[in-house]
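Colleague: Compact mmCIF, C-alpha atoms and all ligand atoms, saved as input-v8.txt, coming up:
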# COMPACT_ATOMS: atom_id res chain seq x y z
CA MET A 9 -19.77 -22.70 -10.71
CA GLN A 10 -20.65 -23.87 -14.23
CA LEU A 11 -19.39 -22.46 -17.54
CA THR A 12 -21.10 -22.87 -20.92
CA ALA A 13 -19.84 -21.52 -24.25
CA SER A 14 -21.39 -20.65 -27.60
CA THR A 15 -20.34 -18.86 -30.77
CA ARG A 16 -22.33 -16.06 -32.36
CA SER A 17 -21.42 -13.55 -35.05
CA ALA A 18 -17.68 -12.93 -34.64
CA ALA A 19 -17.73 -13.59 -30.90
CA VAL A 20 -17.30 -16.42 -28.46
CA ILE A 21 -19.67 -16.10 -25.54
CA VAL A 22 -18.87 -17.84 -22.28
CA ALA A 23 -21.47 -17.84 -19.52
CA PRO A 24 -20.44 -18.69 -15.96
CA VAL A 25 -23.29 -19.60 -13.64
CA GLY A 26 -23.23 -19.47 -9.84
CA ARG A 27 -20.86 -17.86 -7.35
CA ILE A 28 -17.35 -16.74 -8.29
CA ASP A 29 -16.19 -16.68 -4.69
CA HIS A 30 -13.22 -18.00 -2.72
CA ALA A 31 -14.45 -21.54 -3.36
CA GLY A 32 -15.56 -21.16 -7.00
CA THR A 33 -12.85 -19.02 -8.57
CA GLU A 34 -10.34 -21.76 -9.34
CA ALA A 35 -12.93 -23.76 -11.29
CA PHE A 36 -13.94 -20.59 -13.13
CA ALA A 37 -10.35 -19.70 -14.05
CA THR A 38 -9.63 -23.25 -15.23
CA ALA A 39 -12.78 -23.39 -17.36
CA LEU A 40 -12.04 -19.96 -18.85
CA LYS A 41 -8.40 -20.69 -19.69
CA PRO A 42 -8.82 -22.37 -23.13
CA TYR A 43 -11.02 -19.49 -24.33
CA LEU A 44 -8.47 -16.94 -23.16
CA ASP A 45 -5.67 -18.80 -24.96
CA ARG A 46 -7.63 -18.59 -28.25
CA CYS A 47 -8.55 -14.92 -27.82
CA ARG A 48 -5.76 -13.37 -29.93
CA ALA A 49 -5.30 -10.69 -32.56
CA GLY A 50 -7.66 -11.40 -35.46
CA ALA A 51 -9.63 -14.04 -33.52
CA ASP A 52 -13.26 -13.65 -32.42
CA ALA A 53 -13.90 -11.38 -29.45
CA LEU A 54 -14.53 -13.08 -26.11
CA ILE A 55 -17.67 -11.96 -24.30
CA ILE A 56 -18.24 -13.10 -20.73
CA ASP A 57 -21.99 -13.24 -20.14
CA MET A 58 -22.20 -12.50 -16.39
CA GLY A 59 -26.02 -12.83 -16.26
CA GLY A 60 -25.85 -16.10 -14.32
CA VAL A 61 -23.35 -14.90 -11.72
CA ASP A 62 -25.06 -13.94 -8.49
CA TYR A 63 -21.97 -13.24 -6.36
CA ILE A 64 -18.37 -12.32 -7.03
CA SER A 65 -15.65 -11.87 -4.38
CA SER A 66 -12.26 -10.17 -4.55
CA VAL A 67 -10.66 -13.41 -5.79
CA GLY A 68 -13.18 -13.62 -8.64
CA LEU A 69 -12.54 -10.00 -9.57
CA ARG A 70 -8.82 -10.67 -9.57
CA ALA A 71 -9.30 -13.70 -11.87
CA LEU A 72 -11.16 -11.45 -14.34
CA MET A 73 -8.36 -8.89 -14.16
CA VAL A 74 -5.75 -11.57 -14.86
CA ALA A 75 -7.88 -12.79 -17.80
CA ALA A 76 -8.14 -9.29 -19.26
CA LYS A 77 -4.38 -8.81 -18.91
CA GLN A 78 -3.66 -12.06 -20.75
CA VAL A 79 -5.98 -11.10 -23.60
CA GLU A 80 -4.43 -7.65 -23.77
CA THR A 81 -0.92 -9.07 -24.22
CA GLN A 82 -2.32 -11.30 -27.01
CA ALA A 83 -3.96 -8.25 -28.64
CA GLY A 84 -7.34 -9.98 -28.42
CA ARG A 85 -10.69 -8.44 -27.45
CA ILE A 86 -12.59 -9.22 -24.25
CA ALA A 87 -15.69 -7.68 -22.72
CA LEU A 88 -18.17 -8.34 -19.93
CA ALA A 89 -21.92 -8.25 -20.43
CA ALA A 90 -25.22 -8.51 -18.56
CA LEU A 91 -24.01 -8.01 -14.97
CA SER A 92 -26.79 -8.46 -12.42
CA PRO A 93 -27.53 -5.24 -10.49
CA MET A 94 -25.77 -6.60 -7.39
CA VAL A 95 -22.64 -7.71 -9.25
CA ARG A 96 -22.63 -4.39 -11.10
CA GLU A 97 -22.57 -2.60 -7.72
CA VAL A 98 -19.62 -4.71 -6.57
CA PHE A 99 -17.76 -3.70 -9.75
CA GLU A 100 -18.48 -0.04 -9.06
CA ILE A 101 -17.51 -0.14 -5.36
CA SER A 102 -14.24 -1.97 -6.09
CA ARG A 103 -13.60 0.36 -9.11
CA PHE A 104 -13.36 -2.71 -11.37
CA ASP A 105 -15.89 -1.03 -13.65
CA LEU A 106 -12.99 1.19 -14.74
CA LEU A 107 -10.84 -1.79 -15.78
CA PHE A 108 -13.28 -3.48 -18.17
CA THR A 109 -15.49 -2.80 -21.14
CA ILE A 110 -18.94 -3.62 -19.74
CA TYR A 111 -22.15 -3.93 -21.78
CA GLY A 112 -25.70 -3.99 -20.50
CA SER A 113 -26.52 -7.14 -22.48
CA VAL A 114 -24.85 -9.76 -24.67
CA ASP A 115 -26.68 -8.34 -27.72
CA GLU A 116 -25.27 -4.91 -27.00
CA ALA A 117 -21.78 -6.40 -26.75
CA LEU A 118 -22.25 -8.27 -30.03
CA GLY A 119 -23.42 -5.08 -31.74
CA ASP A 120 -20.15 -3.47 -30.79
CA GLN A 121 -18.04 -6.36 -32.14
CA GLY A 122 -19.22 -5.69 -35.73
CA GLY A 123 -22.13 -8.07 -36.19
CA ARG A 124 -25.54 -8.78 -34.72
CA SER A 125 -27.19 -12.16 -34.65
CA MET B 23 -12.36 0.25 27.46
CA LYS B 24 -12.20 3.26 25.20
CA VAL B 25 -10.42 3.61 21.88
CA ARG B 26 -9.51 7.17 20.86
CA PHE B 27 -8.21 8.07 17.42
CA TRP B 28 -5.65 10.89 17.30
CA GLY B 29 -4.33 10.34 13.78
CA THR B 30 -6.09 8.40 11.03
CA ARG B 31 -4.45 9.54 7.78
CA GLY B 32 -2.09 7.35 5.76
CA SER B 33 1.44 8.07 4.56
CA ILE B 34 1.65 11.80 5.33
CA PRO B 35 -0.37 14.29 7.39
CA VAL B 36 -2.71 16.58 5.47
CA ALA B 37 -4.69 19.71 6.36
CA LEU B 38 -8.03 21.08 5.26
CA THR B 39 -7.68 23.83 2.64
CA ALA B 40 -9.63 27.05 2.19
CA PRO B 41 -11.49 25.80 -0.93
CA GLU B 42 -12.59 22.68 0.99
CA ILE B 43 -13.94 24.75 3.88
CA ARG B 44 -15.68 27.02 1.39
CA ARG B 45 -17.37 24.01 -0.22
CA LYS B 46 -18.67 22.91 3.20
CA LEU B 47 -20.02 26.42 3.86
CA VAL B 48 -21.79 26.56 0.51
CA VAL B 49 -23.45 23.18 1.07
CA ALA B 50 -24.43 24.05 4.66
CA LEU B 51 -25.81 27.50 3.80
CA LEU B 52 -27.70 26.26 0.75
CA GLY B 53 -29.40 23.74 3.02
CA CYS B 54 -30.57 26.59 5.27
CA VAL B 55 -32.69 28.18 2.59
CA GLY B 56 -36.35 28.09 3.61
CA ARG B 57 -35.64 26.83 7.14
CA ASN B 58 -36.35 28.73 10.32
CA LEU B 59 -32.96 28.74 12.04
CA ALA B 60 -33.58 31.67 14.36
CA THR B 61 -32.20 30.07 17.55
CA PRO B 62 -28.83 28.48 18.41
CA GLU B 63 -30.73 25.26 19.26
CA ALA B 64 -32.36 25.15 15.83
CA ILE B 65 -28.97 25.72 14.19
CA GLU B 66 -27.32 22.96 16.24
CA ARG B 67 -30.15 20.58 15.38
CA TYR B 68 -29.81 21.45 11.69
CA ILE B 69 -26.05 20.79 11.81
CA ASP B 70 -26.38 17.50 13.69
CA GLU B 71 -29.38 16.06 11.88
CA GLU B 72 -29.30 17.44 8.36
CA LEU B 73 -25.63 17.75 7.42
CA GLY B 74 -23.33 14.85 6.62
CA PHE B 75 -20.12 14.40 8.61
CA ASP B 76 -18.09 15.44 5.56
CA VAL B 77 -19.91 18.81 5.61
CA ARG B 78 -20.31 19.51 9.35
CA GLY B 79 -16.95 17.98 10.32
CA THR B 80 -13.76 16.53 8.91
CA PHE B 81 -11.96 13.20 9.04
CA GLY B 82 -8.83 15.09 10.02
CA GLY B 83 -5.31 14.88 8.72
CA HIS B 84 -2.94 13.56 11.39
CA SER B 85 -1.00 10.39 10.63
CA SER B 86 -1.44 7.13 12.58
CA CYS B 87 -1.92 7.29 16.34
CA VAL B 88 -4.52 5.45 18.43
CA GLU B 89 -4.97 5.38 22.20
CA LEU B 90 -6.47 2.44 24.10
CA ASP B 91 -7.81 3.56 27.48
CA THR B 92 -8.42 0.58 29.74
CA GLY B 93 -8.99 2.74 32.79
CA GLY B 94 -5.74 1.39 34.25
CA ALA B 95 -2.81 3.46 35.51
CA GLU B 96 -0.58 2.78 32.49
CA HIS B 97 -1.27 4.31 29.09
CA LEU B 98 -1.44 2.37 25.82
CA ILE B 99 -0.81 3.80 22.38
CA PHE B 100 -0.51 2.36 18.88
CA ASP B 101 1.94 4.18 16.60
CA MET B 102 3.51 7.61 16.95
CA GLY B 103 2.29 9.45 13.85
CA SER B 104 1.65 13.19 13.95
CA GLY B 105 -1.51 12.52 16.04
CA ALA B 106 0.87 11.89 18.96
CA ARG B 107 1.26 15.66 19.38
CA PRO B 108 -2.37 16.38 20.38
CA LEU B 109 -2.40 13.09 22.33
CA GLY B 110 0.60 14.29 24.36
CA GLN B 111 -1.19 17.57 25.09
CA SER B 112 -4.25 15.63 26.21
CA PHE B 113 -2.15 13.53 28.62
CA LEU B 114 -0.65 16.71 30.10
CA GLN B 115 -4.14 18.11 30.63
CA ARG B 116 -5.31 14.88 32.24
CA HIS B 117 -2.31 14.24 34.52
CA GLY B 118 -0.33 17.46 34.72
CA THR B 119 3.46 17.39 34.88
CA GLY B 120 3.93 16.51 38.56
CA ALA B 121 2.81 12.87 38.61
CA PRO B 122 5.09 10.49 36.67
CA GLN B 123 3.25 8.30 34.15
CA THR B 124 4.01 5.10 32.24
CA TYR B 125 3.32 4.94 28.54
CA HIS B 126 3.36 1.74 26.45
CA ILE B 127 3.71 2.41 22.74
CA PHE B 128 3.13 -0.44 20.26
CA MET B 129 4.71 0.17 16.87
CA SER B 130 3.31 -1.33 13.65
CA HIS B 131 6.56 -0.37 11.91
CA VAL B 132 8.96 2.56 11.68
CA HIS B 133 7.99 4.30 8.45
CA TRP B 134 8.05 8.05 8.83
CA ASP B 135 4.31 8.57 9.08
CA HIS B 136 4.27 6.24 12.13
CA ILE B 137 7.19 7.75 14.10
CA MET B 138 7.10 11.47 13.19
CA GLY B 139 4.96 12.48 16.18
CA PHE B 140 7.37 11.12 18.79
CA PRO B 141 9.60 14.24 19.11
CA PHE B 142 6.39 16.26 19.61
CA PHE B 143 4.88 13.91 22.21
CA ALA B 144 5.22 16.14 25.27
CA PRO B 145 5.57 13.37 27.92
CA VAL B 146 9.05 12.51 26.53
CA TYR B 147 10.32 15.86 27.85
CA ILE B 148 9.13 15.27 31.42
CA GLN B 149 11.51 13.73 33.91
CA GLY B 150 10.11 10.75 35.81
CA ASN B 151 7.94 9.54 32.96
CA ARG B 152 8.61 6.02 31.74
CA ILE B 153 8.08 5.30 28.07
CA VAL B 154 8.29 1.75 26.75
CA ILE B 155 8.37 1.36 22.99
CA HIS B 156 7.31 -2.14 22.02
CA GLY B 157 7.78 -3.62 18.58
CA CYS B 158 9.09 -6.53 16.55
CA HIS B 159 11.63 -4.75 14.35
CA ALA B 160 15.38 -5.10 14.97
CA VAL B 161 15.75 -1.49 13.79
CA LEU B 162 13.14 -0.08 16.23
CA GLU B 163 15.54 1.87 18.45
CA GLN B 164 17.74 2.95 15.55
CA ALA B 165 14.74 4.46 13.73
CA PHE B 166 13.69 6.55 16.76
CA ARG B 167 17.23 7.76 17.42
CA ARG B 168 17.96 8.54 13.80
CA GLN B 169 14.90 10.74 13.25
CA GLN B 170 16.09 13.07 16.03
CA ALA B 171 19.75 13.09 15.05
CA ALA B 172 21.31 16.27 13.63
CA PRO B 173 20.76 17.80 11.17
CA SER B 174 17.15 16.58 11.05
CA PHE B 175 15.93 17.73 14.50
CA PRO B 176 17.16 20.21 17.15
CA VAL B 177 16.78 17.91 20.18
CA ASP B 178 18.77 14.70 20.13
CA PHE B 179 17.09 11.52 21.41
CA SER B 180 19.68 11.29 24.21
CA GLN B 181 18.50 14.66 25.57
CA LEU B 182 14.93 13.49 26.24
CA ALA B 183 14.12 13.74 29.95
CA ALA B 184 11.85 10.72 30.27
CA THR B 185 13.20 7.21 30.75
CA ILE B 186 12.81 5.47 27.42
CA GLU B 187 13.01 1.69 26.99
CA PHE B 188 12.73 -0.51 23.94
CA ASP B 189 11.02 -3.88 24.19
CA ARG B 190 11.45 -6.36 21.38
CA LEU B 191 8.32 -8.51 20.96
CA GLU B 192 8.19 -11.89 19.29
CA PRO B 193 5.59 -12.20 16.52
CA GLY B 194 2.99 -14.95 16.98
CA LYS B 195 3.55 -15.05 20.75
CA ARG B 196 1.06 -13.89 23.39
CA HIS B 197 2.59 -11.20 25.59
CA SER B 198 1.18 -9.90 28.88
CA ILE B 199 1.73 -6.15 29.13
CA ALA B 200 -0.07 -3.69 31.42
CA GLY B 201 -3.05 -5.98 31.90
CA LEU B 202 -3.38 -6.77 28.20
CA THR B 203 -2.77 -9.96 26.32
CA ILE B 204 -1.20 -8.82 23.09
CA THR B 205 -0.17 -10.91 20.07
CA PRO B 206 1.80 -9.37 17.19
CA LYS B 207 1.48 -10.71 13.65
CA LEU B 208 3.83 -10.21 10.71
CA GLN B 209 2.18 -8.37 7.81
CA ARG B 210 3.08 -7.79 4.16
CA HIS B 211 4.66 -4.33 3.86
CA GLU B 212 8.01 -2.93 2.70
CA GLY B 213 10.44 -3.51 5.59
CA ASP B 214 7.71 -5.60 7.35
CA SER B 215 4.90 -4.37 9.55
CA TYR B 216 3.13 -6.00 12.49
CA GLY B 217 -0.53 -6.09 13.47
CA TYR B 218 -1.60 -6.44 17.12
CA ARG B 219 -4.43 -8.52 18.52
CA VAL B 220 -5.24 -7.16 21.96
CA GLU B 221 -7.40 -8.97 24.49
CA ALA B 222 -8.47 -7.35 27.75
CA GLN B 223 -11.52 -7.18 30.00
CA GLY B 224 -13.33 -9.74 27.83
CA LYS B 225 -12.99 -7.58 24.71
CA CYS B 226 -10.80 -7.90 21.64
CA LEU B 227 -9.27 -5.22 19.44
CA VAL B 228 -7.12 -5.79 16.35
CA TYR B 229 -4.86 -2.98 15.12
CA THR B 230 -3.76 -3.86 11.59
CA THR B 231 -2.36 -1.09 9.46
CA ASP B 232 0.10 -0.84 6.59
CA SER B 233 -0.77 -4.37 5.61
CA GLU B 234 -1.21 -5.59 2.06
CA HIS B 235 -3.31 -8.66 1.37
CA LYS B 236 -2.48 -10.75 -1.67
CA VAL B 237 -5.89 -11.64 -3.04
CA GLY B 238 -5.86 -15.34 -3.89
CA ASP B 239 -3.26 -16.33 -1.26
CA VAL B 240 -5.30 -18.97 0.60
CA ASP B 241 -2.90 -19.49 3.53
CA GLU B 242 -2.45 -15.77 4.16
CA ARG B 243 -6.22 -15.25 4.13
CA ALA B 244 -6.77 -18.11 6.59
CA ALA B 245 -4.08 -16.71 8.93
CA PHE B 246 -5.69 -13.25 8.97
CA ILE B 247 -9.17 -14.67 9.54
CA GLU B 248 -7.74 -16.47 12.58
CA PHE B 249 -5.99 -13.26 13.72
CA PHE B 250 -9.25 -11.26 13.43
CA ARG B 251 -11.48 -14.06 14.82
CA ALA B 252 -14.55 -12.69 16.65
CA ALA B 253 -12.85 -9.35 17.42
CA ASP B 254 -15.06 -6.53 18.68
CA LEU B 255 -13.14 -4.00 16.60
CA VAL B 256 -10.69 -4.30 13.70
CA ILE B 257 -8.79 -1.11 12.81
CA PHE B 258 -7.91 -1.84 9.20
CA ASP B 259 -5.75 -0.22 6.50
CA ALA B 260 -8.36 0.43 3.77
CA MET B 261 -6.33 3.00 1.88
CA TYR B 262 -7.07 1.99 -1.71
CA ALA B 263 -9.92 0.77 -3.90
CA LEU B 264 -9.52 -2.95 -4.62
CA ALA B 265 -8.88 -2.41 -8.36
CA ASP B 266 -5.94 -0.13 -7.54
CA ALA B 267 -4.64 -2.25 -4.64
CA ILE B 268 -4.14 -5.30 -6.86
CA SER B 269 -3.05 -3.59 -10.07
CA VAL B 270 -1.30 -0.18 -10.29
CA LYS B 271 -0.68 -0.06 -6.53
CA ALA B 272 0.21 -3.73 -6.04
CA ASP B 273 3.21 -4.09 -3.67
CA TRP B 274 2.68 -0.57 -2.29
CA GLY B 275 1.85 -2.25 1.01
CA HIS B 276 -1.78 -1.31 1.61
CA SER B 277 -5.21 -2.87 1.41
CA SER B 278 -8.78 -2.05 0.43
CA ASN B 279 -12.27 -1.69 1.92
CA ILE B 280 -13.45 -4.77 -0.02
CA VAL B 281 -10.80 -7.08 1.44
CA GLY B 282 -11.43 -5.58 4.90
CA VAL B 283 -15.12 -6.45 4.70
CA GLU B 284 -14.47 -9.95 3.32
CA LEU B 285 -11.93 -10.83 6.04
CA CYS B 286 -14.08 -9.38 8.84
CA GLN B 287 -17.19 -11.17 7.57
CA ALA B 288 -15.32 -14.49 7.47
CA ALA B 289 -13.85 -13.85 10.94
CA ARG B 290 -17.25 -12.83 12.37
CA VAL B 291 -15.91 -9.47 13.55
CA ARG B 292 -18.37 -7.04 15.19
CA CYS B 293 -17.06 -3.75 13.80
CA LEU B 294 -14.68 -2.86 10.98
CA CYS B 295 -13.04 0.56 11.31
CA MET B 296 -11.43 1.83 8.10
CA TYR B 297 -8.14 3.55 8.81
CA HIS B 298 -4.95 5.00 7.21
CA HIS B 299 -6.99 7.09 4.75
CA GLU B 300 -5.48 8.03 1.40
CA PRO B 301 -3.98 11.56 1.75
CA ALA B 302 -5.29 12.52 -1.70
CA TYR B 303 -8.91 11.98 -0.57
CA ASP B 304 -10.98 14.90 0.70
CA ASP B 305 -13.77 14.53 3.29
CA GLN B 306 -16.40 14.04 0.62
CA ARG B 307 -14.47 11.15 -0.92
CA ILE B 308 -13.84 9.39 2.41
CA ALA B 309 -17.55 9.73 3.24
CA GLN B 310 -18.42 8.26 -0.16
CA VAL B 311 -16.07 5.30 0.41
CA LEU B 312 -17.74 4.71 3.80
CA GLN B 313 -21.21 4.75 2.25
CA GLU B 314 -20.12 2.35 -0.52
CA THR B 315 -18.41 0.02 1.94
CA ARG B 316 -21.57 -0.17 4.07
CA ARG B 317 -23.51 -1.00 0.92
CA PHE B 318 -20.96 -3.68 -0.02
CA GLU B 319 -21.29 -5.22 3.44
CA GLU B 320 -25.08 -5.21 3.07
CA ILE B 321 -25.24 -6.85 -0.36
CA THR B 322 -22.65 -9.52 0.50
CA ARG B 323 -23.96 -10.22 4.02
CA ASP B 324 -24.16 -13.89 4.85
CA GLY B 325 -25.96 -14.33 8.14
CA HIS B 326 -23.63 -12.02 10.09
CA ARG B 327 -24.07 -8.27 10.24
CA LEU B 328 -20.75 -6.38 10.27
CA GLU B 329 -20.81 -2.78 11.43
CA VAL B 330 -18.61 -0.57 9.22
CA ILE B 331 -17.23 2.80 10.32
CA SER B 332 -14.51 5.15 9.15
CA ALA B 333 -11.95 6.46 11.63
CA TYR B 334 -11.49 10.19 12.06
CA ASP B 335 -9.22 12.29 14.28
CA GLY B 336 -11.18 12.71 17.51
CA LEU B 337 -13.33 9.58 17.20
CA GLU B 338 -13.87 7.82 20.51
CA LEU B 339 -15.31 4.30 20.67
CA GLU B 340 -16.45 2.32 23.70
CA LEU B 341 -15.54 -1.35 23.44
ZN ZN C 1 1.63 4.26 7.04
ZN ZN C 2 4.34 2.02 5.99
Would you put the structure from the file into structure tokens?
Ligand SMILES: [Zn+2]
Ligand SMILES: [Zn+2]
Modeller:
Amino acid sequence: MQLTASTRSAAVIVAPVGRIDHAGTEAFATALKPYLDRCRAGADALIIDMGGVDYISSVGLRALMVAAKQVETQAGRIALAALSPMVREVFEISRFDLLFTIYGSVDEALGDQGGRS
Amino acid sequence: MKVRFWGTRGSIPVALTAPEIRRKLVVALLGCVGRNLATPEAIERYIDEELGFDVRGTFGGHSSCVELDTGGAEHLIFDMGSGARPLGQSFLQRHGTGAPQTYHIFMSHVHWDHIMGFPFFAPVYIQGNRIVIHGCHAVLEQAFRRQQAAPSFPVDFSQLAATIEFDRLEPGKRHSIAGLTITPKLQRHEGDSYGYRVEAQGKCLVYTTDSEHKVGDVDERAAFIEFFRAADLVIFDAMYALADAISVKADWGHSSNIVGVELCQAARVRCLCMYHHEPAYDDQRIAQVLQETRRFEEITRDGHRLEVISAYDGLELEL
């Protein structure tokens, strides 16, 4: 599990790569933490680019739910983008698709945050 | 060994409604259009091969009750939900009323949906029958007596004709009962519940219902993987979707299809049987959950193929 970050028009984009499974979730949550802490009211939106994630287990889904809850209490904005078809199916089967704002691509997510790059 | 399901619904029994039956009829009859169904054989074939189980049948609505038939002289049952009523009738048909029988009942816990069938389990009214209720709860006997006490039921527990014994089991210990090796395990549920790992005749069955799994609890996960290890069949509480189980329905004491698949994959289980179905779900919804769970197993498969089925009242499995 690797995590890279970049900033584009009014959004911070973090991109995990690899498996967010029982072994990889802790590293993912730790790497994500500073970005969650900064995602507050008035701050840039946080977009998680899921394009590089090829597997996510229940623990990974729970970590995303905890992240979304934290951002919600801080009145920040968080969204997921670019889920692979397989990860998208896991979201649908677990009903996690109902808990998140999910975009087909990072560009689509950026378009919705009020600026395109 | 045979496993027969007499009650598979969670929390409270439910019944099919007229609109649901009408929906099945509409789907079935629409499918007939343009087919030549002039003979009973052609109709049977159409029903069996062209209609889904949610259309041609029903998952049923009785609450938890499962029979394990080892072929031995003594009978083995898990939980006494409302499915215990038809099970009792079946025992009477099989053995009549003249030959005394011994019944071993293993209780996951004493919530209403798991004890409510006991006063309707006909063998308790027959003199000479021996009924042993096994469980780990201190309140086991109290719960059975209380549900039949006035003003809640017309026949008091003390009036039952069969000989009824209570046997307190120790969790984590292997017990030898009626030719089985049976190990109870404490589970996360309001008032506690216990799962049972049963080993007999070279086969292994795990009965684990009303059990919540805290996603992210590493020790708990490892303990359940060990408990399920290489079982032929795991009967698993898959009442909720994962998103509900860990958010709005957290601490309600139930689990999900996703966690069931993950644990059974890690434990190299042969077959996962989803059980304790949500009472708000109709047949179509349970069938959809089954299809999705099979798909989830397929896309997350890691060298081990796990068979996934959904329990229904009347299902019989050969172990
Ligand atoms: Zn229950
Ligand atoms: Zn319960």
Colleague: Quick one: residues within 9 Å of region 10-20 of chain A, all atoms listed in the file counted, chain neighbours fewer than 5 positions away excluded, as an mmCIF file with C-alpha atoms, in the frame of the given file?
Modeller:
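The resulting file, selection14.cif, is reproduced below:
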data_model
loop_
_atom_site.group_PDB
_atom_site.id
_atom_site.type_symbol
_atom_site.label_atom_id
_atom_site.label_comp_id
_atom_site.auth_asym_id
_atom_site.auth_seq_id
_atom_site.Cartn_x
_atom_site.Cartn_y
_atom_site.Cartn_z
ATOM 1 C CA VAL A 25 -23.290 -19.600 -13.640
ATOM 2 C CA GLY A 26 -23.230 -19.470 -9.840
ATOM 3 C CA ALA A 35 -12.930 -23.760 -11.290
ATOM 4 C CA PHE A 36 -13.940 -20.590 -13.130
ATOM 5 C CA ALA A 39 -12.780 -23.390 -17.360
ATOM 6 C CA LEU A 40 -12.040 -19.960 -18.850
ATOM 7 C CA TYR A 43 -11.020 -19.490 -24.330
ATOM 8 C CA CYS A 47 -8.550 -14.920 -27.820
ATOM 9 C CA ALA A 51 -9.630 -14.040 -33.520
ATOM 10 C CA ASP A 52 -13.260 -13.650 -32.420
ATOM 11 C CA ALA A 53 -13.900 -11.380 -29.450
ATOM 12 C CA LEU A 54 -14.530 -13.080 -26.110
ATOM 13 C CA ILE A 55 -17.670 -11.960 -24.300
ATOM 14 C CA ILE A 56 -18.240 -13.100 -20.730
ATOM 15 C CA LEU A 118 -22.250 -8.270 -30.030
ATOM 16 C CA GLN A 121 -18.040 -6.360 -32.140
ATOM 17 C CA GLY A 122 -19.220 -5.690 -35.730
ATOM 18 C CA GLY A 123 -22.130 -8.070 -36.190
ATOM 19 C CA ARG A 124 -25.540 -8.780 -34.720
ATOM 20 C CA SER A 125 -27.190 -12.160 -34.650
#
Colleague: Taking into account all atoms listed in the file, which residue in the set B:Ala245, B:Leu208, B:Val154, B:Leu339 is nearest to Thr230 (chain B)?
Modeller: B:Leu208
Colleague: I'd like the neighbourhood of Arg196 (chain B) as a list in words, where a residue qualifies if any of its atoms comes within 9 Å (using only C-alpha atoms), though same-chain residues fewer than 4 positions away should be ignored.
Modeller: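 Close residues of Arg196 (chain B): Glu192, Thr203, Ile204, Thr205 and Pro206 of chain B.
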Colleague: List every residue of chain B that has an atom at most 12 Å from any atom of ligand ZN 2 (chain C), and for each one report the closest atom pair and its distance in Å to one decimal, counting all atoms listed in the file, with rows sorted by chain and then by increasing residue number, as JSON lines.
Modeller:
{"residue": "B:Arg31", "atom": "CA", "partner": "C:ZN2", "partner_atom": "ZN", "distance": 11.7}
{"residue": "B:Gly32", "atom": "CA", "partner": "C:ZN2", "partner_atom": "ZN", "distance": 8.4}
{"residue": "B:Ser33", "atom": "CA", "partner": "C:ZN2", "partner_atom": "ZN", "distance": 6.9}
{"residue": "B:Ile34", "atom": "CA", "partner": "C:ZN2", "partner_atom": "ZN", "distance": 10.2}
{"residue": "B:Ser85", "atom": "CA", "partner": "C:ZN2", "partner_atom": "ZN", "distance": 11.0}
{"residue": "B:Ser86", "atom": "CA", "partner": "C:ZN2", "partner_atom": "ZN", "distance": 10.1}
{"residue": "B:Asp101", "atom": "CA", "partner": "C:ZN2", "partner_atom": "ZN", "distance": 11.1}
{"residue": "B:Gly103", "atom": "CA", "partner": "C:ZN2", "partner_atom": "ZN", "distance": 11.0}
{"residue": "B:Met129", "atom": "CA", "partner": "C:ZN2", "partner_atom": "ZN", "distance": 11.0}
{"residue": "B:Ser130", "atom": "CA", "partner": "C:ZN2", "partner_atom": "ZN", "distance": 8.4}
{"residue": "B:His131", "atom": "CA", "partner": "C:ZN2", "partner_atom": "ZN", "distance": 6.8}
{"residue": "B:Val132", "atom": "CA", "partner": "C:ZN2", "partner_atom": "ZN", "distance": 7.3}
{"residue": "B:His133", "atom": "CA", "partner": "C:ZN2", "partner_atom": "ZN", "distance": 5.0}
{"residue": "B:Trp134", "atom": "CA", "partner": "C:ZN2", "partner_atom": "ZN", "distance": 7.6}
{"residue": "B:Asp135", "atom": "CA", "partner": "C:ZN2", "partner_atom": "ZN", "distance": 7.2}
{"residue": "B:His136", "atom": "CA", "partner": "C:ZN2", "partner_atom": "ZN", "distance": 7.5}
{"residue": "B:Ile137", "atom": "CA", "partner": "C:ZN2", "partner_atom": "ZN", "distance": 10.3}
{"residue": "B:Gln209", "atom": "CA", "partner": "C:ZN2", "partner_atom": "ZN", "distance": 10.8}
{"residue": "B:Arg210", "atom": "CA", "partner": "C:ZN2", "partner_atom": "ZN", "distance": 10.1}
{"residue": "B:His211", "atom": "CA", "partner": "C:ZN2", "partner_atom": "ZN", "distance": 6.7}
{"residue": "B:Glu212", "atom": "CA", "partner": "C:ZN2", "partner_atom": "ZN", "distance": 7.0}
{"residue": "B:Gly213", "atom": "CA", "partner": "C:ZN2", "partner_atom": "ZN", "distance": 8.2}
{"residue": "B:Asp214", "atom": "CA", "partner": "C:ZN2", "partner_atom": "ZN", "distance": 8.4}
{"residue": "B:Ser215", "atom": "CA", "partner": "C:ZN2", "partner_atom": "ZN", "distance": 7.3}
{"residue": "B:Tyr216", "atom": "CA", "partner": "C:ZN2", "partner_atom": "ZN", "distance": 10.4}
{"residue": "B:Thr230", "atom": "CA", "partner": "C:ZN2", "partner_atom": "ZN", "distance": 11.5}
{"residue": "B:Thr231", "atom": "CA", "partner": "C:ZN2", "partner_atom": "ZN", "distance": 8.2}
{"residue": "B:Asp232", "atom": "CA", "partner": "C:ZN2", "partner_atom": "ZN", "distance": 5.1}
{"residue": "B:Ser233", "atom": "CA", "partner": "C:ZN2", "partner_atom": "ZN", "distance": 8.2}
{"residue": "B:Glu234", "atom": "CA", "partner": "C:ZN2", "partner_atom": "ZN", "distance": 10.2}
{"residue": "B:Asp259", "atom": "CA", "partner": "C:ZN2", "partner_atom": "ZN", "distance": 10.3}
{"residue": "B:Met261", "atom": "CA", "partner": "C:ZN2", "partner_atom": "ZN", "distance": 11.5}
{"residue": "B:Asp273", "atom": "CA", "partner": "C:ZN2", "partner_atom": "ZN", "distance": 11.5}
{"residue": "B:Trp274", "atom": "CA", "partner": "C:ZN2", "partner_atom": "ZN", "distance": 8.8}
{"residue": "B:Gly275", "atom": "CA", "partner": "C:ZN2", "partner_atom": "ZN", "distance": 7.0}
{"residue": "B:His276", "atom": "CA", "partner": "C:ZN2", "partner_atom": "ZN", "distance": 8.2}
{"residue": "B:Ser277", "atom": "CA", "partner": "C:ZN2", "partner_atom": "ZN", "distance": 11.7}
{"residue": "B:His298", "atom": "CA", "partner": "C:ZN2", "partner_atom": "ZN", "distance": 9.8}
